[in-house]
file final-v1.pdb (PDB, C-alpha atoms)
MODEL        1
ATOM      1  CA  MET A  11      17.085 -11.868 -16.316  1.00  0.00           C
ATOM      2  CA  LYS A  12      20.064 -12.384 -14.028  1.00  0.00           C
ATOM      3  CA  GLN A  13      21.388  -8.909 -14.900  1.00  0.00           C
ATOM      4  CA  TRP A  14      17.958  -7.366 -14.178  1.00  0.00           C
ATOM      5  CA  CYS A  15      17.809  -9.115 -10.793  1.00  0.00           C
ATOM      6  CA  ILE A  16      21.198  -7.681  -9.838  1.00  0.00           C
ATOM      7  CA  GLU A  17      20.234  -4.188 -11.036  1.00  0.00           C
ATOM      8  CA  TYR A  18      16.804  -4.387  -9.397  1.00  0.00           C
ATOM      9  CA  THR A  19      18.285  -5.399  -6.047  1.00  0.00           C
ATOM     10  CA  ARG A  20      20.785  -2.538  -6.277  1.00  0.00           C
ATOM     11  CA  ARG A  21      17.986  -0.009  -6.972  1.00  0.00           C
ATOM     12  CA  LEU A  22      15.760  -1.401  -4.240  1.00  0.00           C
ATOM     13  CA  GLU A  23      18.469  -1.248  -1.597  1.00  0.00           C
ATOM     14  CA  ALA A  24      19.544   2.231  -2.781  1.00  0.00           C
ATOM     15  CA  LYS A  25      16.132   3.523  -1.670  1.00  0.00           C
ATOM     16  CA  GLY A  26      17.207   2.687   1.896  1.00  0.00           C
ATOM     17  CA  LYS A  27      13.911   1.178   3.037  1.00  0.00           C
ATOM     18  CA  PHE A  28      14.995  -2.434   3.387  1.00  0.00           C
ATOM     19  CA  SER A  29      16.850  -5.263   1.721  1.00  0.00           C
ATOM     20  CA  LEU A  30      15.211  -7.449  -0.886  1.00  0.00           C
ATOM     21  CA  MET A  31      12.954 -10.005   0.746  1.00  0.00           C
ATOM     22  CA  ILE A  32      11.671 -13.116  -0.981  1.00  0.00           C
ATOM     23  CA  TRP A  33       8.107 -13.527   0.323  1.00  0.00           C
ATOM     24  CA  PRO A  34       6.081 -16.688   0.190  1.00  0.00           C
ATOM     25  CA  GLU A  35       3.121 -16.457  -2.181  1.00  0.00           C
ATOM     26  CA  HIS A  36       0.359 -14.463  -0.527  1.00  0.00           C
ATOM     27  CA  CYS A  37      -2.753 -12.441  -1.405  1.00  0.00           C
ATOM     28  CA  LEU A  38      -3.291 -14.556  -4.504  1.00  0.00           C
ATOM     29  CA  VAL A  39      -6.488 -13.907  -6.454  1.00  0.00           C
ATOM     30  CA  GLY A  40      -9.186 -16.313  -5.390  1.00  0.00           C
ATOM     31  CA  THR A  41      -7.566 -17.234  -2.075  1.00  0.00           C
ATOM     32  CA  GLU A  42      -8.430 -16.280   1.488  1.00  0.00           C
ATOM     33  CA  GLY A  43      -5.324 -14.088   1.532  1.00  0.00           C
ATOM     34  CA  GLN A  44      -6.918 -11.710  -0.968  1.00  0.00           C
ATOM     35  CA  THR A  45     -10.260 -11.374   0.782  1.00  0.00           C
ATOM     36  CA  VAL A  46     -11.381  -8.568   3.049  1.00  0.00           C
ATOM     37  CA  VAL A  47     -12.161  -9.557   6.647  1.00  0.00           C
ATOM     38  CA  ARG A  48     -15.928  -9.998   6.972  1.00  0.00           C
ATOM     39  CA  SER A  49     -16.516  -7.200   9.527  1.00  0.00           C
ATOM     40  CA  ILE A  50     -14.592  -4.680   7.381  1.00  0.00           C
ATOM     41  CA  CYS A  51     -16.340  -5.843   4.215  1.00  0.00           C
ATOM     42  CA  ASP A  52     -19.743  -5.530   5.909  1.00  0.00           C
ATOM     43  CA  ALA A  53     -18.875  -1.983   7.029  1.00  0.00           C
ATOM     44  CA  MET A  54     -17.807  -1.031   3.500  1.00  0.00           C
ATOM     45  CA  MET A  55     -21.014  -2.431   2.020  1.00  0.00           C
ATOM     46  CA  GLU A  56     -23.114  -0.602   4.633  1.00  0.00           C
ATOM     47  CA  TRP A  57     -21.295   2.642   3.807  1.00  0.00           C
ATOM     48  CA  SER A  58     -21.988   2.029   0.122  1.00  0.00           C
ATOM     49  CA  ARG A  59     -25.701   1.435   0.727  1.00  0.00           C
ATOM     50  CA  LYS A  60     -26.047   4.508   2.967  1.00  0.00           C
ATOM     51  CA  THR A  61     -24.080   6.934   0.812  1.00  0.00           C
ATOM     52  CA  GLY A  62     -24.598   5.584  -2.691  1.00  0.00           C
ATOM     53  CA  GLY A  63     -20.828   5.611  -3.063  1.00  0.00           C
ATOM     54  CA  SER A  64     -18.866   2.696  -4.401  1.00  0.00           C
ATOM     55  CA  VAL A  65     -15.770   1.031  -3.030  1.00  0.00           C
ATOM     56  CA  GLU A  66     -12.784   1.319  -5.372  1.00  0.00           C
ATOM     57  CA  TRP A  67     -10.956  -2.009  -5.581  1.00  0.00           C
ATOM     58  CA  LEU A  68      -7.354  -1.965  -6.703  1.00  0.00           C
ATOM     59  CA  ASN A  69      -5.122  -4.846  -7.678  1.00  0.00           C
ATOM     60  CA  LYS A  70      -1.435  -4.331  -7.038  1.00  0.00           C
ATOM     61  CA  GLY A  71       1.662  -6.410  -7.532  1.00  0.00           C
ATOM     62  CA  GLN A  72       0.696  -7.480 -11.035  1.00  0.00           C
ATOM     63  CA  ASN A  73       4.187  -7.053 -12.479  1.00  0.00           C
ATOM     64  CA  LEU A  74       6.546  -9.863 -11.519  1.00  0.00           C
ATOM     65  CA  LEU A  75       9.631  -7.713 -12.140  1.00  0.00           C
ATOM     66  CA  THR A  76       9.117  -5.328  -9.215  1.00  0.00           C
ATOM     67  CA  GLU A  77       7.845  -5.101  -5.626  1.00  0.00           C
ATOM     68  CA  ASN A  78       4.611  -3.246  -4.902  1.00  0.00           C
ATOM     69  CA  TYR A  79       4.466  -2.501  -1.192  1.00  0.00           C
ATOM     70  CA  SER A  80       2.528   0.695  -1.885  1.00  0.00           C
ATOM     71  CA  ALA A  81      -0.799   0.574  -3.694  1.00  0.00           C
ATOM     72  CA  LEU A  82       0.230   3.752  -5.527  1.00  0.00           C
ATOM     73  CA  CYS A  83       3.518   2.710  -7.103  1.00  0.00           C
ATOM     74  CA  ALA A  84       6.153   0.020  -7.297  1.00  0.00           C
ATOM     75  CA  GLU A  85       9.360   0.261  -5.304  1.00  0.00           C
ATOM     76  CA  VAL A  86      11.277   0.259  -8.590  1.00  0.00           C
ATOM     77  CA  PRO A  87       8.887   1.331 -11.363  1.00  0.00           C
ATOM     78  CA  VAL A  88       9.474  -0.606 -14.585  1.00  0.00           C
ATOM     79  CA  THR A  89       6.430   0.381 -16.681  1.00  0.00           C
ATOM     80  CA  LYS A  90       3.836   3.150 -16.792  1.00  0.00           C
ATOM     81  CA  GLY A  91       1.538   0.821 -14.842  1.00  0.00           C
ATOM     82  CA  THR A  92       4.050   0.511 -12.003  1.00  0.00           C
ATOM     83  CA  SER A  93       4.799   4.251 -11.816  1.00  0.00           C
ATOM     84  CA  PHE A  94       3.032   6.534  -9.337  1.00  0.00           C
ATOM     85  CA  ASN A  95      -0.741   6.374  -9.862  1.00  0.00           C
ATOM     86  CA  TYR A  96      -1.733  10.060  -9.800  1.00  0.00           C
ATOM     87  CA  GLU A  97      -5.221   9.208 -11.066  1.00  0.00           C
ATOM     88  CA  LEU A  98      -5.827   7.067  -7.978  1.00  0.00           C
ATOM     89  CA  LEU A  99      -4.417   9.781  -5.711  1.00  0.00           C
ATOM     90  CA  GLU A 100      -6.753  12.397  -7.206  1.00  0.00           C
ATOM     91  CA  SER A 101      -9.692  10.058  -6.669  1.00  0.00           C
ATOM     92  CA  LEU A 102      -8.673   9.531  -3.033  1.00  0.00           C
ATOM     93  CA  LYS A 103      -8.412  13.294  -2.498  1.00  0.00           C
ATOM     94  CA  THR A 104     -12.161  13.620  -3.086  1.00  0.00           C
ATOM     95  CA  SER A 105     -12.817  11.669   0.134  1.00  0.00           C
ATOM     96  CA  GLU A 106     -14.289  13.437   3.145  1.00  0.00           C
ATOM     97  CA  LYS A 107     -12.175  11.081   5.253  1.00  0.00           C
ATOM     98  CA  LEU A 108      -9.760   8.458   3.921  1.00  0.00           C
ATOM     99  CA  ILE A 109      -9.788   5.457   6.250  1.00  0.00           C
ATOM    100  CA  MET A 110      -6.969   2.989   5.630  1.00  0.00           C
ATOM    101  CA  CYS A 111      -6.292  -0.478   6.967  1.00  0.00           C
ATOM    102  CA  GLY A 112      -5.019  -3.811   5.687  1.00  0.00           C
ATOM    103  CA  GLN A 113      -2.080  -6.116   5.729  1.00  0.00           C
ATOM    104  CA  ALA A 114       0.614  -5.638   6.613  1.00  0.00           C
ATOM    105  CA  LEU A 115       1.068  -2.532   8.730  1.00  0.00           C
ATOM    106  CA  SER A 116       4.841  -2.949   8.589  1.00  0.00           C
ATOM    107  CA  HIS A 117       4.968  -2.991   4.790  1.00  0.00           C
ATOM    108  CA  CYS A 118       2.034  -2.482   2.402  1.00  0.00           C
ATOM    109  CA  VAL A 119      -0.141  -0.312   4.633  1.00  0.00           C
ATOM    110  CA  GLN A 120       2.854   1.731   5.734  1.00  0.00           C
ATOM    111  CA  TYR A 121       4.162   2.504   2.254  1.00  0.00           C
ATOM    112  CA  THR A 122       0.703   3.132   0.806  1.00  0.00           C
ATOM    113  CA  VAL A 123      -0.060   5.627   3.574  1.00  0.00           C
ATOM    114  CA  ARG A 124       3.376   7.242   3.296  1.00  0.00           C
ATOM    115  CA  ASP A 125       2.915   7.694  -0.482  1.00  0.00           C
ATOM    116  CA  ILE A 126      -0.528   9.219   0.040  1.00  0.00           C
ATOM    117  CA  ALA A 127       0.673  11.514   2.841  1.00  0.00           C
ATOM    118  CA  GLU A 128       3.658  12.684   0.784  1.00  0.00           C
ATOM    119  CA  HIS A 129       1.292  13.934  -1.942  1.00  0.00           C
ATOM    120  CA  TRP A 130      -1.603  15.024   0.310  1.00  0.00           C
ATOM    121  CA  PRO A 131      -2.336  18.708   0.985  1.00  0.00           C
ATOM    122  CA  ASN A 132      -0.895  19.678   4.384  1.00  0.00           C
ATOM    123  CA  GLU A 133      -4.087  21.436   5.411  1.00  0.00           C
ATOM    124  CA  GLU A 134      -6.061  18.214   4.853  1.00  0.00           C
ATOM    125  CA  MET A 135      -3.858  15.735   6.749  1.00  0.00           C
ATOM    126  CA  GLY A 136      -6.666  15.347   9.308  1.00  0.00           C
ATOM    127  CA  LYS A 137      -8.660  13.482   6.645  1.00  0.00           C
ATOM    128  CA  LEU A 138      -6.170  10.584   6.740  1.00  0.00           C
ATOM    129  CA  VAL A 139      -6.986   7.850   9.250  1.00  0.00           C
ATOM    130  CA  VAL A 140      -5.172   4.546   9.829  1.00  0.00           C
ATOM    131  CA  LEU A 141      -7.184   1.867  11.634  1.00  0.00           C
ATOM    132  CA  LYS A 142      -4.398   0.347  13.746  1.00  0.00           C
ATOM    133  CA  ASP A 143      -6.655  -2.396  15.091  1.00  0.00           C
ATOM    134  CA  CYS A 144      -7.442  -3.491  11.524  1.00  0.00           C
ATOM    135  CA  ALA A 145      -3.844  -4.051  10.457  1.00  0.00           C
ATOM    136  CA  SER A 146      -1.132  -6.313  11.773  1.00  0.00           C
ATOM    137  CA  THR A 147       2.627  -6.385  11.573  1.00  0.00           C
ATOM    138  CA  ILE A 148       4.688  -9.113   9.976  1.00  0.00           C
ATOM    139  CA  PRO A 149       6.521 -10.808  12.857  1.00  0.00           C
ATOM    140  CA  GLY A 150      10.048  -9.460  13.142  1.00  0.00           C
ATOM    141  CA  PHE A 151       9.103  -6.054  11.711  1.00  0.00           C
ATOM    142  CA  GLU A 152       7.500  -4.540  14.830  1.00  0.00           C
ATOM    143  CA  ASP A 153      10.029  -1.675  14.904  1.00  0.00           C
ATOM    144  CA  ALA A 154       9.042  -0.683  11.352  1.00  0.00           C
ATOM    145  CA  SER A 155       5.368  -0.492  12.332  1.00  0.00           C
ATOM    146  CA  ASP A 156       6.123   1.437  15.512  1.00  0.00           C
ATOM    147  CA  LYS A 157       8.257   3.974  13.613  1.00  0.00           C
ATOM    148  CA  PHE A 158       5.581   4.369  10.942  1.00  0.00           C
ATOM    149  CA  LEU A 159       2.847   5.016  13.505  1.00  0.00           C
ATOM    150  CA  SER A 160       4.998   7.517  15.407  1.00  0.00           C
ATOM    151  CA  ASP A 161       5.848   9.310  12.130  1.00  0.00           C
ATOM    152  CA  MET A 162       2.189   9.624  11.273  1.00  0.00           C
TER     153      MET A 162
ENDMDL
END
call {"tool": "encode", "arguments": {"input": "final-v1.pdb", "output": "structure tokens"}}
result
Amino acid sequence: MKQWCIEYTRRLEAKGKFSLMIWPEHCLVGTEGQTVVRSICDAMMEWSRKTGGSVEWLNKGQNLLTENYSALCAEVPVTKGTSFNYELLESLKTSEKLIMCGQALSHCVQYTVRDIAEHWPNEEMGKLVVLKDCASTIPGFEDASDKFLSDM
């Protein structure tokens, strides 16, 4: 395990995004950290009732051996399940408009949106929407959020 941790840290830092960060436990199943804010949840349920569509829920970060900032793939894929999720991407591409929000803008939202945008058809970039007022930045990472929003 020690050798994997050294190799993993090397691979993570080689990507040039950031250094390895040890986060406190968060977004644990069954806790408030995993829930959707009531107003957003109500809006999703209203959309579902009006359109007959269903919200696709996705669990990420299920493999303890790698980081999952993006909902589409791990920072360092270690299994098929942590590799890029093309099936999810194809499902997202069927959206008339893909509205994205969540926590945290500086990390998980940013890298999910960047992964989607990287694989999204150029002529359909207008379908991608980030709700800035429904995402917050981890304190100390404001520059990362600002750069992400200016890139988008």
call {"tool": "resolve_selection", "arguments": {"input": "final-v1.pdb", "expression": "the PyMOL selection byres ((chain A and resi 158) around 10)", "output": "JSON, numbers by chain"}}
result
{"A": [115, 116, 117, 119, 120, 121, 123, 124, 152, 153, 154, 155, 156, 157, 159, 160, 161, 162]}
call {"tool": "write_last_selection", "arguments": {"input": "final-v1.pdb", "atoms": "C-alpha atoms", "output": "mmCIF file, keeping the file's coordinate frame"}}
result
data_model
loop_
_atom_site.group_PDB
_atom_site.id
_atom_site.type_symbol
_atom_site.label_atom_id
_atom_site.label_comp_id
_atom_site.auth_asym_id
_atom_site.auth_seq_id
_atom_site.Cartn_x
_atom_site.Cartn_y
_atom_site.Cartn_z
ATOM 1 C CA LEU A 115 1.068 -2.532 8.730
ATOM 2 C CA SER A 116 4.841 -2.949 8.589
ATOM 3 C CA HIS A 117 4.968 -2.991 4.790
ATOM 4 C CA VAL A 119 -0.141 -0.312 4.633
ATOM 5 C CA GLN A 120 2.854 1.731 5.734
ATOM 6 C CA TYR A 121 4.162 2.504 2.254
ATOM 7 C CA VAL A 123 -0.060 5.627 3.574
ATOM 8 C CA ARG A 124 3.376 7.242 3.296
ATOM 9 C CA GLU A 152 7.500 -4.540 14.830
ATOM 10 C CA ASP A 153 10.029 -1.675 14.904
ATOM 11 C CA ALA A 154 9.042 -0.683 11.352
ATOM 12 C CA SER A 155 5.368 -0.492 12.332
ATOM 13 C CA ASP A 156 6.123 1.437 15.512
ATOM 14 C CA LYS A 157 8.257 3.974 13.613
ATOM 15 C CA LEU A 159 2.847 5.016 13.505
ATOM 16 C CA SER A 160 4.998 7.517 15.407
ATOM 17 C CA ASP A 161 5.848 9.310 12.130
ATOM 18 C CA MET A 162 2.189 9.624 11.273
#
call {"tool": "resolve_selection", "arguments": {"input": "final-v1.pdb", "expression": "the PyMOL selection byres ((chain A and resi 56-69) around 12)", "output": "PDB file with C-alpha atoms, in the coordinates of the input"}}
result
ATOM      1  CA  CYS A  37      -2.753 -12.441  -1.405  1.00  0.00           C
ATOM      2  CA  LEU A  38      -3.291 -14.556  -4.504  1.00  0.00           C
ATOM      3  CA  VAL A  39      -6.488 -13.907  -6.454  1.00  0.00           C
ATOM      4  CA  GLN A  44      -6.918 -11.710  -0.968  1.00  0.00           C
ATOM      5  CA  THR A  45     -10.260 -11.374   0.782  1.00  0.00           C
ATOM      6  CA  VAL A  46     -11.381  -8.568   3.049  1.00  0.00           C
ATOM      7  CA  SER A  49     -16.516  -7.200   9.527  1.00  0.00           C
ATOM      8  CA  ILE A  50     -14.592  -4.680   7.381  1.00  0.00           C
ATOM      9  CA  CYS A  51     -16.340  -5.843   4.215  1.00  0.00           C
ATOM     10  CA  ASP A  52     -19.743  -5.530   5.909  1.00  0.00           C
ATOM     11  CA  ALA A  53     -18.875  -1.983   7.029  1.00  0.00           C
ATOM     12  CA  MET A  54     -17.807  -1.031   3.500  1.00  0.00           C
ATOM     13  CA  MET A  55     -21.014  -2.431   2.020  1.00  0.00           C
ATOM     14  CA  LYS A  70      -1.435  -4.331  -7.038  1.00  0.00           C
ATOM     15  CA  GLY A  71       1.662  -6.410  -7.532  1.00  0.00           C
ATOM     16  CA  GLN A  72       0.696  -7.480 -11.035  1.00  0.00           C
ATOM     17  CA  ASN A  73       4.187  -7.053 -12.479  1.00  0.00           C
ATOM     18  CA  ASN A  78       4.611  -3.246  -4.902  1.00  0.00           C
ATOM     19  CA  TYR A  79       4.466  -2.501  -1.192  1.00  0.00           C
ATOM     20  CA  SER A  80       2.528   0.695  -1.885  1.00  0.00           C
ATOM     21  CA  ALA A  81      -0.799   0.574  -3.694  1.00  0.00           C
ATOM     22  CA  LEU A  82       0.230   3.752  -5.527  1.00  0.00           C
ATOM     23  CA  CYS A  83       3.518   2.710  -7.103  1.00  0.00           C
ATOM     24  CA  GLY A  91       1.538   0.821 -14.842  1.00  0.00           C
ATOM     25  CA  THR A  92       4.050   0.511 -12.003  1.00  0.00           C
ATOM     26  CA  ASN A  95      -0.741   6.374  -9.862  1.00  0.00           C
ATOM     27  CA  LEU A  98      -5.827   7.067  -7.978  1.00  0.00           C
ATOM     28  CA  LEU A  99      -4.417   9.781  -5.711  1.00  0.00           C
ATOM     29  CA  SER A 101      -9.692  10.058  -6.669  1.00  0.00           C
ATOM     30  CA  LEU A 102      -8.673   9.531  -3.033  1.00  0.00           C
ATOM     31  CA  THR A 104     -12.161  13.620  -3.086  1.00  0.00           C
ATOM     32  CA  SER A 105     -12.817  11.669   0.134  1.00  0.00           C
ATOM     33  CA  GLU A 106     -14.289  13.437   3.145  1.00  0.00           C
ATOM     34  CA  LEU A 108      -9.760   8.458   3.921  1.00  0.00           C
ATOM     35  CA  ILE A 109      -9.788   5.457   6.250  1.00  0.00           C
TER      36      ILE A 109
END
call {"tool": "resolve_selection", "arguments": {"input": "final-v1.pdb", "expression": "the PyMOL selection byres ((chain A and resi 135-145) around 8)", "output": "PyMOL selection string"}}
result
chain A and resi 105-115+119+127+130-134+146-147
call {"tool": "closest_residue", "arguments": {"input": "final-v1.pdb", "among": "A:Gln13, A:Gly150, A:Tyr18, A:Lys103", "to": "Leu75 of chain A", "atoms": "all atoms listed in the file"}}
result
A:Tyr18
call {"tool": "atom_distance", "arguments": {"input": "final-v1.pdb", "atom1": "atom CA of Ile148 of chain A", "atom2": "atom CA of Met31 of chain A"}}
result
12.4 Å
call {"tool": "axis_aligned_box", "arguments": {"input": "final-v1.pdb", "around": "segment 78-97 of chain A", "padding_each_side": "8 Å", "output": "lines of an AutoDock Vina configuration file"}}
result
center_x = 3.0
center_y = 3.4
center_z = -9.0
size_x = 32.5
size_y = 29.3
size_z = 31.6
call {"tool": "atom_distance", "arguments": {"input": "final-v1.pdb", "atom1": "atom CA of Trp33 of chain A", "atom2": "atom CA of Glu97 of chain A"}}
result
28.7 Å
call {"tool": "atom_distance", "arguments": {"input": "final-v1.pdb", "atom1": "atom CA of Glu23 of chain A", "atom2": "atom CA of Glu35 of chain A"}}
result
21.6 Å
call {"tool": "closest_residue", "arguments": {"input": "final-v1.pdb", "among": "A:Thr122, A:Thr76, A:Thr41, A:Ser93", "to": "Cys15 of chain A", "atoms": "all atoms listed in the file"}}
result
A:Thr76
call {"tool": "residues_around", "arguments": {"input": "final-v1.pdb", "residues": "Arg20 of chain A", "least_positions_apart": "4", "cutoff": "12 Å", "atoms": "all atoms listed in the file", "output": "PDB file with C-alpha atoms, in the coordinates of the input"}}
result
ATOM      1  CA  GLN A  13      21.388  -8.909 -14.900  1.00  0.00           C
ATOM      2  CA  TRP A  14      17.958  -7.366 -14.178  1.00  0.00           C
ATOM      3  CA  CYS A  15      17.809  -9.115 -10.793  1.00  0.00           C
ATOM      4  CA  ILE A  16      21.198  -7.681  -9.838  1.00  0.00           C
ATOM      5  CA  ALA A  24      19.544   2.231  -2.781  1.00  0.00           C
ATOM      6  CA  LYS A  25      16.132   3.523  -1.670  1.00  0.00           C
ATOM      7  CA  GLY A  26      17.207   2.687   1.896  1.00  0.00           C
ATOM      8  CA  PHE A  28      14.995  -2.434   3.387  1.00  0.00           C
ATOM      9  CA  SER A  29      16.850  -5.263   1.721  1.00  0.00           C
ATOM     10  CA  LEU A  30      15.211  -7.449  -0.886  1.00  0.00           C
ATOM     11  CA  GLU A  85       9.360   0.261  -5.304  1.00  0.00           C
ATOM     12  CA  VAL A  86      11.277   0.259  -8.590  1.00  0.00           C
TER      13      VAL A  86
END
call {"tool": "closest_residue", "arguments": {"input": "final-v1.pdb", "among": "A:Leu22, A:Gly40, A:Met11, A:Glu100", "to": "Ala84 of chain A", "atoms": "all atoms listed in the file"}}
result
A:Leu22
